[in-house]
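S.K.: Below are the structure tokens for one structure; questions will follow.
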Amino acid sequence: MSNPRSARTAKKDQKERDIKESPEPRIQFVTMDKKMLESAFAMAREGYMQKQRGELAHWQDVAKKIKERFDIYHSKAKAWNCVVGKDFGSFVSFNAKNVAYFYIAEMGVLLWKHA
């Protein structure tokens, strides 16, 4: 029988390794505060590494994880949107101080809040 605490610790350790081993983010455009941006970077870097290992099949799986976690941790309303991929265009409306567009290696991330 496995220990739930050790499973959580292993998962946390993997997240930390993912963040350290993934490429540094390259910012294209950002208006969100530093704490929120660091959270977005961590989630994106973790998702990037999961995609590279084959744990996530598609870029949209990475986008879904980021969006759902931002809805939980950075908003009372489910107003976050996220696009992830290698090639996309966009034209979006967003709340002030609630948008980030950056790259982790070839993976582009556009994250914004609109309510």
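Chain labels A, B, ... are given in the sequence in which chains occur in the structure tokens; within each chain residues are numbered consecutively from 1, and ligands are likewise numbered from 1 in the order shown.
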List every residue of chain A that DSSP, applied to the backbone, labels as strand (DSSP E or B), and write the result as a list in words.
M.R.: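 Residues meeting the strand (DSSP E or B) criterion: Pro25, Arg26, Ile27, Gln28, Phe29, Val30, Trp80, Asn81, Cys82, Val83, Val84, Gly85, Val99, Ala100, Tyr101, Phe102, Tyr103, Ile104, Met107, Gly108, Val109, Leu110, Leu111, Trp112 and Lys113 of chain A.
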S.K.: Hey, can you spit out that residue selection with N, CA and C atoms as a PDB file, in the first residue's frame?
M.R.:
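Output below, filename out_29.pdb:
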```pdb
ATOM      1  N   PRO A  25      11.447  31.253 -19.620  1.00  0.00           N
ATOM      2  CA  PRO A  25      10.400  31.951 -20.385  1.00  0.00           C
ATOM      3  C   PRO A  25      10.961  33.176 -21.107  1.00  0.00           C
ATOM      4  N   ARG A  26      10.419  33.438 -22.288  1.00  0.00           N
ATOM      5  CA  ARG A  26      10.741  34.644 -23.056  1.00  0.00           C
ATOM      6  C   ARG A  26       9.463  35.472 -23.161  1.00  0.00           C
ATOM      7  N   ILE A  27       9.446  36.611 -22.509  1.00  0.00           N
ATOM      8  CA  ILE A  27       8.252  37.460 -22.452  1.00  0.00           C
ATOM      9  C   ILE A  27       8.078  38.220 -23.760  1.00  0.00           C
ATOM     10  N   GLN A  28       6.851  38.199 -24.280  1.00  0.00           N
ATOM     11  CA  GLN A  28       6.482  38.982 -25.455  1.00  0.00           C
ATOM     12  C   GLN A  28       5.692  40.228 -25.042  1.00  0.00           C
ATOM     13  N   PHE A  29       4.733  40.028 -24.124  1.00  0.00           N
ATOM     14  CA  PHE A  29       3.883  41.125 -23.652  1.00  0.00           C
ATOM     15  C   PHE A  29       3.312  40.713 -22.304  1.00  0.00           C
ATOM     16  N   VAL A  30       3.325  41.624 -21.345  1.00  0.00           N
ATOM     17  CA  VAL A  30       2.780  41.290 -20.028  1.00  0.00           C
ATOM     18  C   VAL A  30       2.279  42.550 -19.335  1.00  0.00           C
ATOM     19  N   TRP A  80     -10.663  33.242 -16.677  1.00  0.00           N
ATOM     20  CA  TRP A  80      -9.371  33.142 -17.352  1.00  0.00           C
ATOM     21  C   TRP A  80      -9.496  32.360 -18.650  1.00  0.00           C
ATOM     22  N   ASN A  81      -8.680  32.740 -19.624  1.00  0.00           N
ATOM     23  CA  ASN A  81      -8.612  32.065 -20.923  1.00  0.00           C
ATOM     24  C   ASN A  81      -7.146  31.803 -21.224  1.00  0.00           C
ATOM     25  N   CYS A  82      -6.875  30.713 -21.945  1.00  0.00           N
ATOM     26  CA  CYS A  82      -5.495  30.371 -22.249  1.00  0.00           C
ATOM     27  C   CYS A  82      -5.405  29.697 -23.611  1.00  0.00           C
ATOM     28  N   VAL A  83      -4.432  30.125 -24.396  1.00  0.00           N
ATOM     29  CA  VAL A  83      -4.114  29.504 -25.681  1.00  0.00           C
ATOM     30  C   VAL A  83      -2.653  29.086 -25.606  1.00  0.00           C
ATOM     31  N   VAL A  84      -2.375  27.844 -25.992  1.00  0.00           N
ATOM     32  CA  VAL A  84      -1.012  27.323 -25.989  1.00  0.00           C
ATOM     33  C   VAL A  84      -0.755  26.635 -27.318  1.00  0.00           C
ATOM     34  N   GLY A  85       0.403  26.867 -27.898  1.00  0.00           N
ATOM     35  CA  GLY A  85       0.745  26.183 -29.135  1.00  0.00           C
ATOM     36  C   GLY A  85       2.007  26.731 -29.762  1.00  0.00           C
ATOM     37  N   VAL A  99      -2.940  40.040 -18.323  1.00  0.00           N
ATOM     38  CA  VAL A  99      -2.576  39.345 -19.557  1.00  0.00           C
ATOM     39  C   VAL A  99      -1.078  39.046 -19.555  1.00  0.00           C
ATOM     40  N   ALA A 100      -0.739  37.889 -20.118  1.00  0.00           N
ATOM     41  CA  ALA A 100       0.662  37.524 -20.322  1.00  0.00           C
ATOM     42  C   ALA A 100       0.773  36.738 -21.617  1.00  0.00           C
ATOM     43  N   TYR A 101       1.777  37.075 -22.392  1.00  0.00           N
ATOM     44  CA  TYR A 101       2.089  36.360 -23.622  1.00  0.00           C
ATOM     45  C   TYR A 101       3.584  36.075 -23.580  1.00  0.00           C
ATOM     46  N   PHE A 102       3.938  34.805 -23.577  1.00  0.00           N
ATOM     47  CA  PHE A 102       5.338  34.422 -23.459  1.00  0.00           C
ATOM     48  C   PHE A 102       5.577  33.066 -24.117  1.00  0.00           C
ATOM     49  N   TYR A 103       6.842  32.726 -24.250  1.00  0.00           N
ATOM     50  CA  TYR A 103       7.247  31.442 -24.828  1.00  0.00           C
ATOM     51  C   TYR A 103       8.092  30.662 -23.835  1.00  0.00           C
ATOM     52  N   ILE A 104       7.890  29.356 -23.834  1.00  0.00           N
ATOM     53  CA  ILE A 104       8.780  28.398 -23.191  1.00  0.00           C
ATOM     54  C   ILE A 104       9.294  27.548 -24.355  1.00  0.00           C
ATOM     55  N   MET A 107       6.961  26.667 -27.343  1.00  0.00           N
ATOM     56  CA  MET A 107       5.570  26.707 -26.883  1.00  0.00           C
ATOM     57  C   MET A 107       5.160  28.134 -26.516  1.00  0.00           C
ATOM     58  N   GLY A 108       4.246  28.700 -27.292  1.00  0.00           N
ATOM     59  CA  GLY A 108       3.701  30.012 -26.979  1.00  0.00           C
ATOM     60  C   GLY A 108       2.545  29.880 -25.999  1.00  0.00           C
ATOM     61  N   VAL A 109       2.452  30.822 -25.066  1.00  0.00           N
ATOM     62  CA  VAL A 109       1.367  30.843 -24.081  1.00  0.00           C
ATOM     63  C   VAL A 109       0.765  32.240 -24.069  1.00  0.00           C
ATOM     64  N   LEU A 110      -0.533  32.303 -24.301  1.00  0.00           N
ATOM     65  CA  LEU A 110      -1.284  33.548 -24.159  1.00  0.00           C
ATOM     66  C   LEU A 110      -2.326  33.302 -23.087  1.00  0.00           C
ATOM     67  N   LEU A 111      -2.218  34.043 -21.989  1.00  0.00           N
ATOM     68  CA  LEU A 111      -3.098  33.868 -20.835  1.00  0.00           C
ATOM     69  C   LEU A 111      -3.705  35.219 -20.509  1.00  0.00           C
ATOM     70  N   TRP A 112      -5.040  35.272 -20.424  1.00  0.00           N
ATOM     71  CA  TRP A 112      -5.687  36.540 -20.126  1.00  0.00           C
ATOM     72  C   TRP A 112      -6.997  36.317 -19.385  1.00  0.00           C
ATOM     73  N   LYS A 113      -7.394  37.372 -18.684  1.00  0.00           N
ATOM     74  CA  LYS A 113      -8.658  37.359 -17.943  1.00  0.00           C
ATOM     75  C   LYS A 113      -9.594  38.360 -18.591  1.00  0.00           C
TER      76      LYS A 113
END
```
S.K.: Which polymer residues have any atom within 9 Å of an atom of segment 68-70 of chain A, counting only C-alpha atoms, with same-chain residues fewer than 5 positions away left out, as a ChimeraX atom specification?
M.R.: /A:39-40,43,63,75,78-81
S.K.: Take the selection from the previous step and output its residues with N, CA and C atoms, as a PDB file, in the first residue's frame.
M.R.:
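Written file, again14.pdb:
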```
ATOM      1  N   SER A  39       3.637  32.634 -11.258  1.00  0.00           N
ATOM      2  CA  SER A  39       2.723  31.496 -11.195  1.00  0.00           C
ATOM      3  C   SER A  39       2.445  30.957 -12.600  1.00  0.00           C
ATOM      4  N   ALA A  40       2.208  31.857 -13.548  1.00  0.00           N
ATOM      5  CA  ALA A  40       1.960  31.451 -14.938  1.00  0.00           C
ATOM      6  C   ALA A  40       3.182  30.743 -15.514  1.00  0.00           C
ATOM      7  N   MET A  43       3.441  27.167 -13.998  1.00  0.00           N
ATOM      8  CA  MET A  43       2.436  26.263 -14.569  1.00  0.00           C
ATOM      9  C   MET A  43       2.770  25.905 -16.013  1.00  0.00           C
ATOM     10  N   ALA A  63      -2.929  24.091 -22.048  1.00  0.00           N
ATOM     11  CA  ALA A  63      -3.771  25.287 -21.892  1.00  0.00           C
ATOM     12  C   ALA A  63      -4.880  25.047 -20.876  1.00  0.00           C
ATOM     13  N   SER A  75      -8.704  33.878  -9.176  1.00  0.00           N
ATOM     14  CA  SER A  75      -9.976  34.506  -9.521  1.00  0.00           C
ATOM     15  C   SER A  75     -11.114  33.862  -8.756  1.00  0.00           C
ATOM     16  N   LYS A  78     -14.721  32.318 -12.926  1.00  0.00           N
ATOM     17  CA  LYS A  78     -13.974  31.521 -13.913  1.00  0.00           C
ATOM     18  C   LYS A  78     -13.847  32.330 -15.199  1.00  0.00           C
ATOM     19  N   ALA A  79     -12.949  33.311 -15.158  1.00  0.00           N
ATOM     20  CA  ALA A  79     -12.850  34.278 -16.250  1.00  0.00           C
ATOM     21  C   ALA A  79     -11.525  34.210 -17.003  1.00  0.00           C
ATOM     22  N   TRP A  80     -10.663  33.242 -16.677  1.00  0.00           N
ATOM     23  CA  TRP A  80      -9.371  33.142 -17.352  1.00  0.00           C
ATOM     24  C   TRP A  80      -9.496  32.360 -18.650  1.00  0.00           C
ATOM     25  N   ASN A  81      -8.680  32.740 -19.624  1.00  0.00           N
ATOM     26  CA  ASN A  81      -8.612  32.065 -20.923  1.00  0.00           C
ATOM     27  C   ASN A  81      -7.146  31.803 -21.224  1.00  0.00           C
TER      28      ASN A  81
END
```
S.K.: Write down as a ChimeraX atom specification the residues belonging to chain A that are assigned helix (DSSP H, G or I) by DSSP computed on the backbone.
M.R.: /A:4-21,34-53,59-73
S.K.: Which is closer to His74 of chain A than all the others in A:Ser93, A:Asn98, A:Gln50, A:Gln14, using only C-alpha atoms?
M.R.: A:Asn98
S.K.: Go ahead and compute the interatomic distance for atom CA of Glu21 of chain A and atom CA of Glu106 of chain A, in Å to one decimal.
M.R.: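 These atoms are spaced 15.0 Å apart.
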S.K.: Env of His58 of chain A: 12 Å cut, atoms = only C-alpha atoms, seq-sep filter 2 positions within chain, self excluded. Answer as a PyMOL selection string.
M.R.: chain A and resi 47-48+50-56+60-65+83-86+107
S.K.: Would you work out the distance separating atom CA of Met36 of chain A from atom CA of Asn95 of chain A, expressed in Å to one decimal?
M.R.: 14.0 Å
S.K.: Separation of atom CA of Met32 of chain A and atom CA of Lys20 of chain A, in Å?
M.R.: 22.5 Å
